[in-house]
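S.K.: For reference, this is start-v6.pdb, and it has PDB, C-alpha atoms.
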ATOM      1  CA  MET A   1    -230.784 -56.786 112.476  1.00  0.00           C
ATOM      2  CA  PRO A   2    -228.792 -55.787 115.620  1.00  0.00           C
ATOM      3  CA  ILE A   3    -228.771 -52.178 116.757  1.00  0.00           C
ATOM      4  CA  THR A   4    -225.385 -50.442 116.440  1.00  0.00           C
ATOM      5  CA  SER A   5    -224.265 -47.310 118.250  1.00  0.00           C
ATOM      6  CA  ASP A   6    -224.830 -45.415 114.976  1.00  0.00           C
ATOM      7  CA  ASP A   7    -228.534 -46.327 115.205  1.00  0.00           C
ATOM      8  CA  ILE A   8    -228.884 -44.764 118.659  1.00  0.00           C
ATOM      9  CA  VAL A   9    -230.146 -41.185 118.767  1.00  0.00           C
ATOM     10  CA  ILE A  10    -229.290 -38.855 121.652  1.00  0.00           C
ATOM     11  CA  ARG A  11    -232.104 -36.410 122.474  1.00  0.00           C
ATOM     12  CA  ILE A  12    -231.754 -33.494 124.863  1.00  0.00           C
ATOM     13  CA  SER A  13    -235.047 -32.605 126.453  1.00  0.00           C
ATOM     14  CA  ASP A  14    -236.646 -30.882 129.384  1.00  0.00           C
ATOM     15  CA  GLY A  15    -238.643 -34.084 129.405  1.00  0.00           C
ATOM     16  CA  ARG A  16    -242.057 -34.673 127.957  1.00  0.00           C
ATOM     17  CA  LYS A  17    -245.045 -36.094 129.714  1.00  0.00           C
ATOM     18  CA  SER A  18    -245.047 -38.800 127.070  1.00  0.00           C
ATOM     19  CA  ASP A  19    -241.587 -39.939 128.321  1.00  0.00           C
ATOM     20  CA  ILE A  20    -242.626 -40.566 131.940  1.00  0.00           C
ATOM     21  CA  ASP A  21    -243.746 -44.187 131.565  1.00  0.00           C
ATOM     22  CA  ALA A  22    -240.624 -45.155 129.582  1.00  0.00           C
ATOM     23  CA  LEU A  23    -238.318 -43.407 132.047  1.00  0.00           C
ATOM     24  CA  ALA A  24    -240.031 -45.092 135.007  1.00  0.00           C
ATOM     25  CA  GLY A  25    -239.605 -48.457 133.262  1.00  0.00           C
ATOM     26  CA  LEU A  26    -235.920 -47.767 132.618  1.00  0.00           C
ATOM     27  CA  GLU A  27    -235.440 -46.879 136.300  1.00  0.00           C
ATOM     28  CA  GLN A  28    -237.029 -50.211 137.291  1.00  0.00           C
ATOM     29  CA  LEU A  29    -234.632 -52.094 134.997  1.00  0.00           C
ATOM     30  CA  CYS A  30    -231.506 -50.287 136.143  1.00  0.00           C
ATOM     31  CA  PHE A  31    -231.707 -49.533 139.864  1.00  0.00           C
ATOM     32  CA  SER A  32    -232.405 -51.448 143.045  1.00  0.00           C
ATOM     33  CA  VAL A  33    -234.128 -48.327 144.407  1.00  0.00           C
ATOM     34  CA  PRO A  34    -235.524 -46.592 141.330  1.00  0.00           C
ATOM     35  CA  TRP A  35    -237.092 -43.170 141.176  1.00  0.00           C
ATOM     36  CA  SER A  36    -240.858 -43.489 141.329  1.00  0.00           C
ATOM     37  CA  TRP A  37    -243.188 -42.586 138.484  1.00  0.00           C
ATOM     38  CA  GLU A  38    -244.336 -39.630 140.607  1.00  0.00           C
ATOM     39  CA  ALA A  39    -240.775 -38.388 141.163  1.00  0.00           C
ATOM     40  CA  ILE A  40    -240.031 -38.505 137.437  1.00  0.00           C
ATOM     41  CA  ALA A  41    -243.330 -36.779 136.635  1.00  0.00           C
ATOM     42  CA  GLY A  42    -242.492 -34.067 139.166  1.00  0.00           C
ATOM     43  CA  GLU A  43    -239.100 -33.483 137.569  1.00  0.00           C
ATOM     44  CA  ILE A  44    -240.672 -33.177 134.136  1.00  0.00           C
ATOM     45  CA  THR A  45    -243.698 -31.079 135.049  1.00  0.00           C
ATOM     46  CA  LYS A  46    -242.601 -29.001 138.044  1.00  0.00           C
ATOM     47  CA  ASN A  47    -238.821 -28.553 138.106  1.00  0.00           C
ATOM     48  CA  PRO A  48    -237.550 -25.890 135.691  1.00  0.00           C
ATOM     49  CA  SER A  49    -233.922 -26.823 136.529  1.00  0.00           C
ATOM     50  CA  SER A  50    -234.399 -30.429 135.436  1.00  0.00           C
ATOM     51  CA  ARG A  51    -233.120 -31.693 132.093  1.00  0.00           C
ATOM     52  CA  PHE A  52    -233.037 -35.149 130.535  1.00  0.00           C
ATOM     53  CA  TYR A  53    -230.568 -36.499 127.991  1.00  0.00           C
ATOM     54  CA  LEU A  54    -232.134 -39.522 126.352  1.00  0.00           C
ATOM     55  CA  ALA A  55    -230.736 -42.287 124.174  1.00  0.00           C
ATOM     56  CA  GLU A  56    -233.290 -43.802 121.815  1.00  0.00           C
ATOM     57  CA  ALA A  57    -233.158 -46.866 119.597  1.00  0.00           C
ATOM     58  CA  GLU A  58    -236.020 -47.846 117.319  1.00  0.00           C
ATOM     59  CA  GLY A  59    -238.265 -45.336 119.095  1.00  0.00           C
ATOM     60  CA  ASP A  60    -237.582 -46.709 122.600  1.00  0.00           C
ATOM     61  CA  ILE A  61    -235.760 -44.882 125.384  1.00  0.00           C
ATOM     62  CA  ILE A  62    -232.804 -47.126 126.205  1.00  0.00           C
ATOM     63  CA  GLY A  63    -230.676 -44.727 128.222  1.00  0.00           C
ATOM     64  CA  CYS A  64    -230.944 -41.519 130.197  1.00  0.00           C
ATOM     65  CA  VAL A  65    -228.968 -38.985 132.173  1.00  0.00           C
ATOM     66  CA  SER A  66    -231.059 -36.763 134.400  1.00  0.00           C
ATOM     67  CA  CYS A  67    -229.577 -33.612 135.824  1.00  0.00           C
ATOM     68  CA  TRP A  68    -230.324 -30.290 137.384  1.00  0.00           C
ATOM     69  CA  LEU A  69    -228.834 -27.189 135.811  1.00  0.00           C
ATOM     70  CA  LEU A  70    -227.921 -24.750 138.560  1.00  0.00           C
ATOM     71  CA  PRO A  71    -226.533 -21.680 136.790  1.00  0.00           C
ATOM     72  CA  PRO A  72    -224.240 -19.984 136.646  1.00  0.00           C
ATOM     73  CA  TYR A  73    -221.669 -22.658 137.428  1.00  0.00           C
ATOM     74  CA  GLU A  74    -223.017 -26.070 138.450  1.00  0.00           C
ATOM     75  CA  CYS A  75    -224.743 -29.137 137.050  1.00  0.00           C
ATOM     76  CA  GLN A  76    -225.834 -31.906 139.440  1.00  0.00           C
ATOM     77  CA  ILE A  77    -226.121 -35.305 137.744  1.00  0.00           C
ATOM     78  CA  GLY A  78    -229.069 -37.260 139.161  1.00  0.00           C
ATOM     79  CA  ASN A  79    -229.077 -40.651 137.457  1.00  0.00           C
ATOM     80  CA  VAL A  80    -227.236 -42.301 134.604  1.00  0.00           C
ATOM     81  CA  ALA A  81    -229.130 -45.329 133.293  1.00  0.00           C
ATOM     82  CA  VAL A  82    -228.684 -47.629 130.298  1.00  0.00           C
ATOM     83  CA  ALA A  83    -230.989 -50.591 129.723  1.00  0.00           C
ATOM     84  CA  PRO A  84    -229.179 -53.879 130.437  1.00  0.00           C
ATOM     85  CA  GLY A  85    -229.272 -55.120 126.836  1.00  0.00           C
ATOM     86  CA  TYR A  86    -227.561 -51.944 125.592  1.00  0.00           C
ATOM     87  CA  ARG A  87    -224.707 -51.625 128.073  1.00  0.00           C
ATOM     88  CA  ARG A  88    -221.028 -51.580 127.080  1.00  0.00           C
ATOM     89  CA  ARG A  89    -221.791 -49.907 123.740  1.00  0.00           C
ATOM     90  CA  GLY A  90    -220.640 -46.405 124.700  1.00  0.00           C
ATOM     91  CA  ILE A  91    -224.157 -45.103 125.311  1.00  0.00           C
ATOM     92  CA  ALA A  92    -223.438 -43.705 128.794  1.00  0.00           C
ATOM     93  CA  THR A  93    -220.288 -42.046 127.441  1.00  0.00           C
ATOM     94  CA  ARG A  94    -222.256 -40.458 124.595  1.00  0.00           C
ATOM     95  CA  LEU A  95    -224.986 -39.292 126.973  1.00  0.00           C
ATOM     96  CA  MET A  96    -222.483 -37.806 129.424  1.00  0.00           C
ATOM     97  CA  GLY A  97    -220.620 -36.199 126.509  1.00  0.00           C
ATOM     98  CA  ALA A  98    -223.867 -34.526 125.455  1.00  0.00           C
ATOM     99  CA  VAL A  99    -224.390 -33.255 129.003  1.00  0.00           C
ATOM    100  CA  ILE A 100    -220.850 -31.853 129.148  1.00  0.00           C
ATOM    101  CA  LYS A 101    -221.114 -30.192 125.733  1.00  0.00           C
ATOM    102  CA  ASP A 102    -224.546 -28.715 126.450  1.00  0.00           C
ATOM    103  CA  THR A 103    -223.721 -27.430 129.923  1.00  0.00           C
ATOM    104  CA  GLU A 104    -220.433 -25.889 128.779  1.00  0.00           C
ATOM    105  CA  ALA A 105    -222.328 -24.098 125.980  1.00  0.00           C
ATOM    106  CA  LEU A 106    -224.575 -22.687 128.710  1.00  0.00           C
ATOM    107  CA  GLY A 107    -221.528 -21.506 130.680  1.00  0.00           C
ATOM    108  CA  ILE A 108    -221.895 -24.184 133.349  1.00  0.00           C
ATOM    109  CA  MET A 109    -218.424 -25.603 133.924  1.00  0.00           C
ATOM    110  CA  ASP A 110    -218.640 -27.627 137.151  1.00  0.00           C
ATOM    111  CA  MET A 111    -220.493 -30.922 137.393  1.00  0.00           C
ATOM    112  CA  THR A 112    -221.004 -33.246 140.337  1.00  0.00           C
ATOM    113  CA  LEU A 113    -222.521 -36.644 141.004  1.00  0.00           C
ATOM    114  CA  GLU A 114    -222.635 -39.442 143.540  1.00  0.00           C
ATOM    115  CA  VAL A 115    -221.858 -43.020 142.571  1.00  0.00           C
ATOM    116  CA  ARG A 116    -221.955 -46.236 144.590  1.00  0.00           C
ATOM    117  CA  ALA A 117    -218.571 -47.026 146.102  1.00  0.00           C
ATOM    118  CA  SER A 118    -218.933 -50.553 144.690  1.00  0.00           C
ATOM    119  CA  ASN A 119    -219.650 -49.354 141.136  1.00  0.00           C
ATOM    120  CA  LEU A 120    -216.070 -49.280 139.879  1.00  0.00           C
ATOM    121  CA  ALA A 121    -217.115 -49.389 136.205  1.00  0.00           C
ATOM    122  CA  ALA A 122    -219.151 -46.182 136.566  1.00  0.00           C
ATOM    123  CA  GLN A 123    -216.350 -44.520 138.520  1.00  0.00           C
ATOM    124  CA  ALA A 124    -213.935 -45.385 135.694  1.00  0.00           C
ATOM    125  CA  LEU A 125    -216.371 -43.967 133.113  1.00  0.00           C
ATOM    126  CA  TYR A 126    -216.659 -40.697 135.037  1.00  0.00           C
ATOM    127  CA  ALA A 127    -212.905 -40.480 135.633  1.00  0.00           C
ATOM    128  CA  GLY A 128    -212.384 -40.878 131.884  1.00  0.00           C
ATOM    129  CA  LEU A 129    -214.628 -37.846 131.393  1.00  0.00           C
ATOM    130  CA  GLY A 130    -212.592 -35.703 133.782  1.00  0.00           C
ATOM    131  CA  PHE A 131    -214.418 -36.333 137.068  1.00  0.00           C
ATOM    132  CA  GLU A 132    -212.338 -36.754 140.220  1.00  0.00           C
ATOM    133  CA  SER A 133    -213.273 -38.267 143.556  1.00  0.00           C
ATOM    134  CA  GLU A 134    -213.523 -35.559 146.200  1.00  0.00           C
ATOM    135  CA  GLY A 135    -215.223 -37.286 149.098  1.00  0.00           C
ATOM    136  CA  ILE A 136    -217.459 -39.993 150.501  1.00  0.00           C
ATOM    137  CA  ARG A 137    -221.064 -39.836 151.720  1.00  0.00           C
ATOM    138  CA  LYS A 138    -221.287 -42.555 154.371  1.00  0.00           C
ATOM    139  CA  GLY A 139    -224.373 -44.783 154.120  1.00  0.00           C
ATOM    140  CA  TYR A 140    -225.833 -42.707 151.267  1.00  0.00           C
ATOM    141  CA  TYR A 141    -227.584 -45.650 149.615  1.00  0.00           C
ATOM    142  CA  GLN A 142    -230.317 -46.975 151.923  1.00  0.00           C
ATOM    143  CA  GLY A 143    -228.025 -46.334 154.878  1.00  0.00           C
ATOM    144  CA  LYS A 144    -225.905 -49.297 153.798  1.00  0.00           C
ATOM    145  CA  GLU A 145    -223.518 -48.302 151.045  1.00  0.00           C
ATOM    146  CA  ASP A 146    -221.278 -45.288 150.726  1.00  0.00           C
ATOM    147  CA  ALA A 147    -221.355 -42.928 147.768  1.00  0.00           C
ATOM    148  CA  VAL A 148    -218.252 -41.510 146.155  1.00  0.00           C
ATOM    149  CA  ILE A 149    -218.704 -37.797 145.438  1.00  0.00           C
ATOM    150  CA  MET A 150    -217.124 -36.919 142.103  1.00  0.00           C
ATOM    151  CA  TRP A 151    -216.604 -33.504 140.527  1.00  0.00           C
ATOM    152  CA  ARG A 152    -215.605 -32.286 137.099  1.00  0.00           C
ATOM    153  CA  ARG A 153    -214.384 -28.746 137.648  1.00  0.00           C
ATOM    154  CA  GLU A 154    -213.058 -25.871 135.622  1.00  0.00           C
ATOM    155  CA  LYS A 155    -210.330 -23.930 137.368  1.00  0.00           C
ATOM    156  CA  LEU A 156    -211.630 -20.643 138.786  1.00  0.00           C
ATOM    157  CA  ALA A 157    -208.904 -18.698 136.998  1.00  0.00           C
ATOM    158  CA  GLU A 158    -210.209 -19.964 133.661  1.00  0.00           C
ATOM    159  CA  ARG A 159    -213.859 -19.023 134.231  1.00  0.00           C
ATOM    160  CA  LYS A 160    -215.448 -16.697 131.755  1.00  0.00           C
ATOM    161  CA  PRO A 161    -217.056 -13.594 133.251  1.00  0.00           C
ATOM    162  CA  LEU A 162    -220.851 -13.581 133.344  1.00  0.00           C
TER     163      LEU A 162
END
Just give me the structure of the file as structure tokens.
M.R.:
Amino acid sequence: MPITSDDIVIRISDGRKSDIDALAGLEQLCFSVPWSWEAIAGEITKNPSSRFYLAEAEGDIIGCVSCWLLPPYECQIGNVAVAPGYRRRGIATRLMGAVIKDTEALGIMDMTLEVRASNLAAQALYAGLGFESEGIRKGYYQGKEDAVIMWRREKLAERKPL
């Protein structure tokens, strides 16, 4: 029976050691220059600012957003990954929605990320979630491809006092 989006569970986690192998495998599937097993392990075991939003289907991690929560006002998105066989099902949108909801509940209103200049689909996804392009990092990806810097910001006048 095919998996539907209703069968996919979103889990918010500081990451568990038991997730490292699956996350490293997902990175290998999704990126030409994936994070290493050691980098993921370091995020999970040594970085208190790191958080993972995981999409699971039938017990397997099929999508992930990694980020760093930098209170009081900023969240830096690291990677957004969805396994190839699960793309175009709204999983990245659901994961990013969970990040936005969770960070806003924590009082963090500004989010930023870098995305390949050639990845127009991802840029459209982020724009649909309120991110705007605010700059370019020349040669960010292996010195060859530019990154578009995108921000989702709350207006300073609307900020809640700490």
S.K.: Between CA of Arg94 (chain A) and CA of Ile20 (chain A), what is the spacing in Å?
M.R.: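 Result for CA of Ile20 (chain A) versus CA of Arg94 (chain A): 21.7 Å, one decimal.
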S.K.: Measure the distance from CA of Ile136 (chain A) to CA of Gln123 (chain A) in Å and round it to one decimal.
M.R.: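 Taking CA of Ile136 (chain A) and CA of Gln123 (chain A), their separation equals 12.9 Å.
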S.K.: What's around Ser18 (chain A) at 12 Å? Count only C-alpha atoms, leave out sequence neighbours fewer than 3 positions away in its own chain, and write the answer as a PyMOL selection string.
M.R.: chain A and resi 13-15+21-24+40-41+44-45+60-61
S.K.: For Ala57 (chain A), which of A:Thr112, A:Gln28, A:Leu69, A:Ile10 is the closest residue, counting only C-alpha atoms?
M.R.: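 Ranking A:Thr112, A:Gln28, A:Leu69, A:Ile10 by distance to Ala57 (chain A), first place goes to A:Ile10.
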S.K.: From the options A:Asp110, A:Asp19, A:Glu134, A:Asp146, which residue's atoms come nearest to Ala55 (chain A), counting only C-alpha atoms?
M.R.: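 Going through A:Asp110, A:Asp19, A:Glu134, A:Asp146 one by one, the smallest distance to Ala55 (chain A) is for A:Asp19.
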S.K.: Taking into account all atoms listed in the file, which residue in the set A:Pro48, A:Gln76, A:Gly59, A:Val82 is nearest to Phe31 (chain A)?
M.R.: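 Ranked by minimum distance to Phe31 (chain A), first place goes to A:Val82.
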S.K.: Of the residues A:Cys30, A:Tyr86, A:Leu113, A:Glu38, which is the one nearest to Cys67 (chain A), using all atoms listed in the file?
M.R.: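 Checking each of A:Cys30, A:Tyr86, A:Leu113, A:Glu38 against Cys67 (chain A), counting all atoms listed in the file, the winner is A:Leu113.
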S.K.: At a cut-off of 12 Å around the point (-222.7, -45.4, 120.8) (file coordinates), what residues fall inside when counting only C-alpha atoms? I'd like the answer as a tab-separated table (two decimals) with C-alpha atoms, in the frame of the given file.
M.R.:
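Generated output (out.tsv):
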chain	number	residue	atom	x	y	z
A	3	ILE	CA	-228.77	-52.18	116.76
A	4	THR	CA	-225.38	-50.44	116.44
A	5	SER	CA	-224.26	-47.31	118.25
A	6	ASP	CA	-224.83	-45.42	114.98
A	7	ASP	CA	-228.53	-46.33	115.20
A	8	ILE	CA	-228.88	-44.76	118.66
A	9	VAL	CA	-230.15	-41.18	118.77
A	10	ILE	CA	-229.29	-38.85	121.65
A	55	ALA	CA	-230.74	-42.29	124.17
A	56	GLU	CA	-233.29	-43.80	121.82
A	57	ALA	CA	-233.16	-46.87	119.60
A	62	ILE	CA	-232.80	-47.13	126.20
A	63	GLY	CA	-230.68	-44.73	128.22
A	82	VAL	CA	-228.68	-47.63	130.30
A	86	TYR	CA	-227.56	-51.94	125.59
A	87	ARG	CA	-224.71	-51.62	128.07
A	88	ARG	CA	-221.03	-51.58	127.08
A	89	ARG	CA	-221.79	-49.91	123.74
A	90	GLY	CA	-220.64	-46.40	124.70
A	91	ILE	CA	-224.16	-45.10	125.31
A	92	ALA	CA	-223.44	-43.70	128.79
A	93	THR	CA	-220.29	-42.05	127.44
A	94	ARG	CA	-222.26	-40.46	124.60
A	95	LEU	CA	-224.99	-39.29	126.97
A	96	MET	CA	-222.48	-37.81	129.42
A	97	GLY	CA	-220.62	-36.20	126.51
A	98	ALA	CA	-223.87	-34.53	125.46
S.K.: Using all atoms listed in the file, pick whichever of A:Gly85, A:Val99, A:Leu70, A:Ile77 has the shortest atom-to-atom distance to Tyr53 (chain A).
M.R.: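 Distance minimum relative to Tyr53 (chain A) lands on A:Val99.
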S.K.: Could you please determine the separation between CA of Ala124 (chain A) and CA of Ser49 (chain A) in Å, to one decimal place?
M.R.: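 Separating CA of Ala124 (chain A) from CA of Ser49 (chain A) is a distance of 27.3 Å.
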S.K.: When the PyMOL selection byres ((chain A and resi 106) around 12) is applied to the structure above, which residues does it catch, written out as a list of chain:residue names?
M.R.: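 Here the PyMOL selection byres ((chain A and resi 106) around 12) matches A:Leu69, A:Leu70, A:Pro71, A:Pro72, A:Tyr73, A:Glu74, A:Cys75, A:Val99, A:Ile100, A:Lys101, A:Asp102, A:Thr103, A:Glu104, A:Ala105, A:Gly107, A:Ile108, A:Met109, A:Asp110, A:Lys160, A:Leu162.
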S.K.: Tell me which of A:Ala81, A:Lys144, A:Ala122, A:Gly130 sits closest to Leu29 (chain A), counting all atoms listed in the file.
M.R.: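 For Leu29 (chain A), the nearest of the candidates is A:Ala81.
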S.K.: Please evaluate the PyMOL selection byres ((chain A and resi 148) around 8) against the structure above and give the resulting residues as JSON, numbers by chain.
M.R.: {"A": [114, 115, 116, 117, 133, 134, 135, 136, 137, 146, 147, 149, 150]}
S.K.: For the selection you just gave me, I'd like the residues written to a file as a short mmCIF file (atom, residue, chain, number, x, y, z; two decimals), in the frame of the given file, keeping C-alpha atoms.
M.R.:
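Once everything was written out, this is selection26.cif:
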data_model
loop_
_atom_site.label_atom_id
_atom_site.label_comp_id
_atom_site.auth_asym_id
_atom_site.auth_seq_id
_atom_site.Cartn_x
_atom_site.Cartn_y
_atom_site.Cartn_z
CA GLU A 114 -222.64 -39.44 143.54
CA VAL A 115 -221.86 -43.02 142.57
CA ARG A 116 -221.96 -46.24 144.59
CA ALA A 117 -218.57 -47.03 146.10
CA SER A 133 -213.27 -38.27 143.56
CA GLU A 134 -213.52 -35.56 146.20
CA GLY A 135 -215.22 -37.29 149.10
CA ILE A 136 -217.46 -39.99 150.50
CA ARG A 137 -221.06 -39.84 151.72
CA ASP A 146 -221.28 -45.29 150.73
CA ALA A 147 -221.36 -42.93 147.77
CA ILE A 149 -218.70 -37.80 145.44
CA MET A 150 -217.12 -36.92 142.10
#
S.K.: Carefully work through the PyMOL selection byres ((chain A and resi 153) around 7) for this structure and note down the residues it includes, as an NGL selection string.
M.R.: :A and (109-111 or 151-152 or 154-155)
